[in-house]
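Asker: Quick one, query24.json (JSON, C-alpha atoms):
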[["chain", "number", "residue", "atom", "x", "y", "z"],
["A", 5, "MET", "CA", 52.07, -1.46, -28.50],
["A", 6, "ASN", "CA", 50.17, -2.70, -25.49],
["A", 7, "ALA", "CA", 46.39, -2.71, -25.58],
["A", 8, "PHE", "CA", 44.59, -0.73, -22.87],
["A", 9, "VAL", "CA", 41.13, 0.47, -21.86],
["A", 10, "ILE", "CA", 40.44, 4.17, -22.03],
["A", 11, "ALA", "CA", 37.51, 6.00, -20.45],
["A", 12, "ASP", "CA", 35.52, 8.87, -21.93],
["A", 13, "ALA", "CA", 34.48, 10.93, -18.90],
["A", 14, "SER", "CA", 31.85, 12.76, -20.94],
["A", 15, "LYS", "CA", 29.96, 9.47, -21.38],
["A", 16, "CYS", "CA", 30.43, 7.98, -17.90],
["A", 17, "ILE", "CA", 27.33, 8.18, -15.68],
["A", 18, "GLY", "CA", 29.05, 6.82, -12.57],
["A", 19, "CYS", "CA", 26.89, 3.67, -12.36],
["A", 20, "ARG", "CA", 29.88, 1.49, -11.41],
["A", 21, "THR", "CA", 28.66, -1.36, -13.62],
["A", 22, "CYS", "CA", 32.23, -1.72, -14.85],
["A", 23, "GLU", "CA", 33.50, -2.27, -11.28],
["A", 24, "ILE", "CA", 30.89, -4.95, -10.64],
["A", 25, "ALA", "CA", 31.61, -6.76, -13.91],
["A", 26, "CYS", "CA", 35.33, -6.68, -13.18],
["A", 27, "ALA", "CA", 34.93, -8.05, -9.65],
["A", 28, "VAL", "CA", 32.56, -10.79, -10.85],
["A", 29, "ALA", "CA", 34.86, -11.78, -13.73],
["A", 30, "HIS", "CA", 37.84, -12.12, -11.40],
["A", 31, "ALA", "CA", 35.86, -13.96, -8.72],
["A", 32, "GLY", "CA", 34.93, -16.76, -11.08],
["A", 33, "GLY", "CA", 32.27, -15.43, -13.42],
["A", 34, "ALA", "CA", 28.51, -14.97, -13.32],
["A", 35, "ASP", "CA", 28.00, -17.94, -10.97],
["A", 36, "ALA", "CA", 30.34, -16.46, -8.35],
["A", 37, "THR", "CA", 28.95, -15.14, -5.10],
["A", 38, "ILE", "CA", 30.64, -11.94, -4.06],
["A", 39, "ASP", "CA", 30.31, -10.39, -0.66],
["A", 40, "LYS", "CA", 31.92, -7.17, 0.49],
["A", 41, "ALA", "CA", 35.03, -9.05, 1.67],
["A", 42, "ARG", "CA", 35.62, -10.46, -1.84],
["A", 43, "PHE", "CA", 34.70, -7.38, -3.92],
["A", 44, "PHE", "CA", 38.00, -6.54, -5.63],
["A", 45, "PRO", "CA", 37.54, -4.76, -8.97],
["A", 46, "ARG", "CA", 40.73, -4.03, -10.92],
["A", 47, "LEU", "CA", 39.48, -0.52, -11.71],
["A", 48, "LYS", "CA", 37.82, 2.21, -9.72],
["A", 49, "VAL", "CA", 35.26, 4.84, -10.60],
["A", 50, "ILE", "CA", 36.14, 8.26, -9.25],
["A", 51, "LYS", "CA", 32.96, 10.27, -8.76],
["A", 52, "GLY", "CA", 33.07, 14.04, -8.65],
["A", 53, "ALA", "CA", 30.33, 16.65, -8.39],
["A", 54, "GLN", "CA", 30.21, 17.19, -12.16],
["A", 55, "VAL", "CA", 31.93, 14.16, -13.67],
["A", 56, "SER", "CA", 32.68, 10.50, -13.02],
["A", 57, "VAL", "CA", 35.51, 8.59, -14.62],
["A", 58, "PRO", "CA", 36.78, 5.03, -14.39],
["A", 59, "VAL", "CA", 40.51, 4.78, -13.62],
["A", 60, "LEU", "CA", 42.32, 1.80, -15.12],
["A", 61, "CYS", "CA", 45.86, 0.66, -15.77],
["A", 62, "ARG", "CA", 47.13, 2.09, -19.07],
["A", 63, "GLN", "CA", 49.40, -0.92, -19.68],
["A", 64, "CYS", "CA", 52.40, 1.39, -20.19],
["A", 65, "GLU", "CA", 54.99, 0.40, -22.78],
["A", 66, "ASN", "CA", 57.86, 1.07, -20.38],
["A", 67, "ALA", "CA", 55.79, 0.27, -17.32],
["A", 68, "PRO", "CA", 57.24, 1.98, -14.24],
["A", 69, "CYS", "CA", 55.42, -0.50, -12.00],
["A", 70, "ALA", "CA", 57.18, -3.44, -13.66],
["A", 71, "SER", "CA", 60.57, -1.74, -13.60],
["A", 72, "VAL", "CA", 60.47, -1.12, -9.83],
["A", 73, "CYS", "CA", 59.14, -4.53, -8.79],
["A", 74, "PRO", "CA", 61.93, -6.26, -6.85],
["A", 75, "HIS", "CA", 60.58, -9.76, -7.58],
["A", 76, "ASP", "CA", 59.47, -9.43, -11.22],
["A", 77, "ALA", "CA", 55.82, -9.92, -10.24],
["A", 78, "LEU", "CA", 54.70, -7.53, -13.00],
["A", 79, "VAL", "CA", 55.56, -8.75, -16.49],
["A", 80, "ARG", "CA", 54.65, -7.99, -20.11],
["A", 81, "HIS", "CA", 52.40, -10.78, -21.43],
["A", 82, "HIS", "CA", 49.56, -10.82, -24.01],
["A", 83, "ASP", "CA", 50.28, -7.19, -25.02],
["A", 84, "SER", "CA", 49.67, -6.00, -21.46],
["A", 85, "ILE", "CA", 51.28, -5.84, -18.04],
["A", 86, "GLN", "CA", 50.21, -8.86, -15.99],
["A", 87, "VAL", "CA", 50.67, -9.73, -12.33],
["A", 88, "ILE", "CA", 52.21, -13.00, -11.21],
["A", 89, "GLN", "CA", 50.68, -13.18, -7.74],
["A", 90, "SER", "CA", 53.00, -15.95, -6.54],
["A", 91, "ARG", "CA", 55.97, -13.59, -6.94],
["A", 92, "CYS", "CA", 54.38, -10.58, -5.24],
["A", 93, "ILE", "CA", 55.57, -9.76, -1.72],
["A", 94, "GLY", "CA", 53.16, -6.85, -1.20],
["A", 95, "CYS", "CA", 55.89, -4.20, -0.96],
["A", 96, "LYS", "CA", 53.73, -1.58, -2.77],
["A", 97, "SER", "CA", 56.60, -0.28, -4.91],
["A", 98, "CYS", "CA", 54.33, -0.63, -7.95],
["A", 99, "VAL", "CA", 51.58, 1.41, -6.29],
["A", 100, "ILE", "CA", 53.99, 4.29, -5.73],
["A", 101, "ALA", "CA", 55.45, 4.04, -9.26],
["A", 102, "CYS", "CA", 52.12, 3.98, -11.14],
["A", 103, "PRO", "CA", 51.54, 7.42, -12.69],
["A", 104, "PHE", "CA", 47.78, 6.79, -12.94],
["A", 105, "GLY", "CA", 47.04, 5.50, -9.44],
["A", 106, "ALA", "CA", 45.63, 2.36, -11.00],
["A", 107, "ILE", "CA", 47.25, -0.28, -8.78],
["A", 108, "ASP", "CA", 46.08, -1.45, -5.38],
["A", 109, "VAL", "CA", 47.52, -3.94, -2.93],
["A", 110, "VAL", "CA", 44.62, -5.56, -1.13],
["A", 111, "LEU", "CA", 44.44, -7.86, 1.87],
["A", 112, "THR", "CA", 42.62, -10.93, 0.56],
["A", 113, "SER", "CA", 42.70, -13.07, 3.69],
["A", 114, "GLN", "CA", 44.07, -13.12, 7.18],
["A", 115, "GLN", "CA", 44.59, -16.31, 9.17],
["A", 116, "GLY", "CA", 46.08, -15.84, 12.61],
["A", 117, "MET", "CA", 49.23, -13.77, 12.23],
["A", 118, "ALA", "CA", 49.67, -14.46, 8.48],
["A", 119, "ALA", "CA", 48.08, -12.06, 6.00],
["A", 120, "LYS", "CA", 47.77, -12.64, 2.26],
["A", 121, "SER", "CA", 47.94, -9.59, 0.04],
["A", 122, "GLU", "CA", 47.65, -9.32, -3.73],
["A", 123, "VAL", "CA", 48.38, -6.67, -6.34],
["A", 124, "HIS", "CA", 45.23, -5.73, -8.21],
["A", 125, "LYS", "CA", 45.39, -3.86, -11.51],
["A", 126, "CYS", "CA", 43.58, -4.11, -14.80],
["A", 127, "ASP", "CA", 44.71, -7.23, -16.62],
["A", 128, "LEU", "CA", 42.33, -6.73, -19.58],
["A", 129, "CYS", "CA", 40.51, -9.88, -18.37],
["A", 130, "VAL", "CA", 42.97, -12.08, -20.27],
["A", 131, "ASP", "CA", 41.66, -15.18, -18.48],
["A", 132, "VAL", "CA", 38.00, -14.30, -19.06],
["A", 133, "ALA", "CA", 36.15, -15.42, -22.21],
["A", 134, "ALA", "CA", 34.41, -12.12, -23.01],
["A", 135, "SER", "CA", 37.06, -9.58, -22.28],
["A", 136, "PRO", "CA", 37.53, -6.96, -21.08],
["A", 137, "SER", "CA", 34.43, -7.29, -18.92],
["A", 138, "CYS", "CA", 34.20, -3.59, -18.12],
["A", 139, "VAL", "CA", 34.07, -2.60, -21.79],
["A", 140, "ARG", "CA", 31.50, -5.29, -22.58],
["A", 141, "VAL", "CA", 29.01, -4.18, -19.90],
["A", 142, "CYS", "CA", 29.33, -0.39, -19.95],
["A", 143, "PRO", "CA", 25.81, 0.90, -20.69],
["A", 144, "THR", "CA", 27.04, 4.18, -22.23],
["A", 145, "SER", "CA", 30.09, 2.87, -24.12],
["A", 146, "ALA", "CA", 32.30, 5.13, -22.03],
["A", 147, "LEU", "CA", 35.02, 2.45, -22.01],
["A", 148, "THR", "CA", 36.90, 1.44, -25.15],
["A", 149, "LEU", "CA", 39.59, -1.17, -25.68],
["A", 150, "VAL", "CA", 42.39, 0.58, -27.53],
["A", 151, "ASN", "CA", 44.79, -1.55, -29.54],
["A", 152, "ASN", "CA", 47.22, -0.66, -32.29],
["A", 153, "SER", "CA", 44.62, -0.50, -35.09],
["A", 154, "GLU", "CA", 42.22, 1.59, -32.95],
["A", 155, "LEU", "CA", 45.06, 3.99, -32.14],
["A", 156, "GLN", "CA", 45.95, 4.32, -35.83],
["A", 157, "GLN", "CA", 42.30, 5.04, -36.69],
["A", 158, "ARG", "CA", 42.09, 7.73, -34.00],
["A", 159, "SER", "CA", 45.34, 9.27, -35.22],
["A", 160, "PHE", "CA", 44.11, 9.30, -38.83],
["A", 161, "LYS", "CA", 40.82, 10.99, -37.82],
["A", 162, "LYS", "CA", 42.73, 13.67, -35.90],
["A", 163, "GLN", "CA", 45.03, 14.27, -38.88],
["A", 164, "GLN", "CA", 42.02, 14.62, -41.19],
["A", 165, "GLN", "CA", 40.35, 17.05, -38.79],
["A", 166, "ALA", "CA", 43.54, 19.11, -38.50],
["A", 167, "ALA", "CA", 43.86, 19.23, -42.29],
["A", 168, "ARG", "CA", 40.22, 20.40, -42.61],
["A", 169, "ASP", "CA", 40.75, 23.04, -39.91],
["A", 170, "ASN", "CA", 43.88, 24.34, -41.68],
["A", 171, "ALA", "CA", 42.06, 24.44, -45.03],
["A", 172, "ASP", "CA", 39.22, 26.48, -43.44],
["A", 173, "ILE", "CA", 41.73, 28.97, -42.02],
["A", 174, "ARG", "CA", 43.42, 29.47, -45.42],
["A", 175, "LEU", "CA", 40.05, 30.15, -47.09],
["A", 176, "LEU", "CA", 39.38, 33.04, -44.72]]
Would you mind writing the file's structure down as structure tokens?
Answerer:
Amino acid sequence: MNAFVIADASKCIGCRTCEIACAVAHAGGADATIDKARFFPRLKVIKGAQVSVPVLCRQCENAPCASVCPHDALVRHHDSIQVIQSRCIGCKSCVIACPFGAIDVVLTSQQGMAAKSEVHKCDLCVDVAASPSCVRVCPTSALTLVNNSELQQRSFKKQQQAARDNADIRLL
């Protein structure tokens, strides 16, 4: 099973701290200077009138983004789907295929007639020491890294709750 970050919308306050931490981590860490032209978080916070929620790549097991990429720029590595930027041609097939809307193709530089674009999606900060950065900095713990053991624990808790609920029904 691939690890992924999941958001609890009931805890998210829409502060966008996760976006900032992500952009800083991918720009070179705390010493990096980020201006608007280099602010590229790999997640986005969708703010509504009543609720805010971070949207991230779910690192799908049978990732549709990876299956449609004509140049194998999206690959399974470190229990997640990673981007090999040197293979990406910016065709946006992955953006269309992503069921969560968690992939962006961004223009990172433009020199004369040549433009450089990159695929940006959550990579679980695999190249960052304290990863994932968004989970580490979230002030409300709305973001959680889910791996196989976490998923098993959640499943066990749900099974216990269902058993308790069924026992309560039989007692009535």
Asker: Quick one: of A:Ala167, A:Leu60, A:Ala77, A:Leu147, who's nearest to Ala106 (chain A), counting only C-alpha atoms?
Answerer: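 Once distances to Ala106 (chain A) are computed over only C-alpha atoms, the minimum belongs to A:Leu60.
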Asker: Can you measure CA of Ile88 (chain A) to CA of Val72 (chain A) for me? One decimal in Å is fine.
Answerer: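 Value for the CA of Ile88 (chain A)-CA of Val72 (chain A) distance: 14.5 Å.
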Asker: Can you find the residues with an atom no farther than 10 Å from (49.5, -9.3, -24.8), counting all atoms listed in the file, and report them as a list of chain:residue names?
Answerer: A:Met5, A:Asn6, A:Ala7, A:Gln63, A:Arg80, A:His81, A:His82, A:Asp83, A:Ser84, A:Ile85, A:Gln86, A:Asp127, A:Leu128, A:Val130
Asker: Give me, as a ChimeraX atom specification, all polymer residues having an atom no more than 12 Å from Val79 (chain A), counting all atoms listed in the file and skipping those fewer than 6 positions away in the same chain.
Answerer: /A:63-73,85-89,91-92,98,127
Asker: So the first atom is CA of Ile107 (chain A) and the second is CA of Cys22 (chain A); what is the distance between them in Å, to one decimal place?
Answerer: 16.3 Å
Asker: Is it possible to get the residues within 9 Å of (29.0, 1.5, -19.4) (coordinates as in the file, counting all atoms listed in the file) written as a list in words?
Answerer: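 It turns out the residues near that spot are Lys15, Cys16, Ile17, Gly18, Cys19, Arg20, Thr21, Cys22, Cys138, Val139, Arg140, Val141, Cys142, Pro143, Thr144, Ser145, Ala146 and Leu147 of chain A.
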Asker: Just the number, please: distance in Å from CA of Ser113 (chain A) to CA of Asp39 (chain A), one decimal.
Answerer: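 Here the two named atoms are 13.4 Å from each other.
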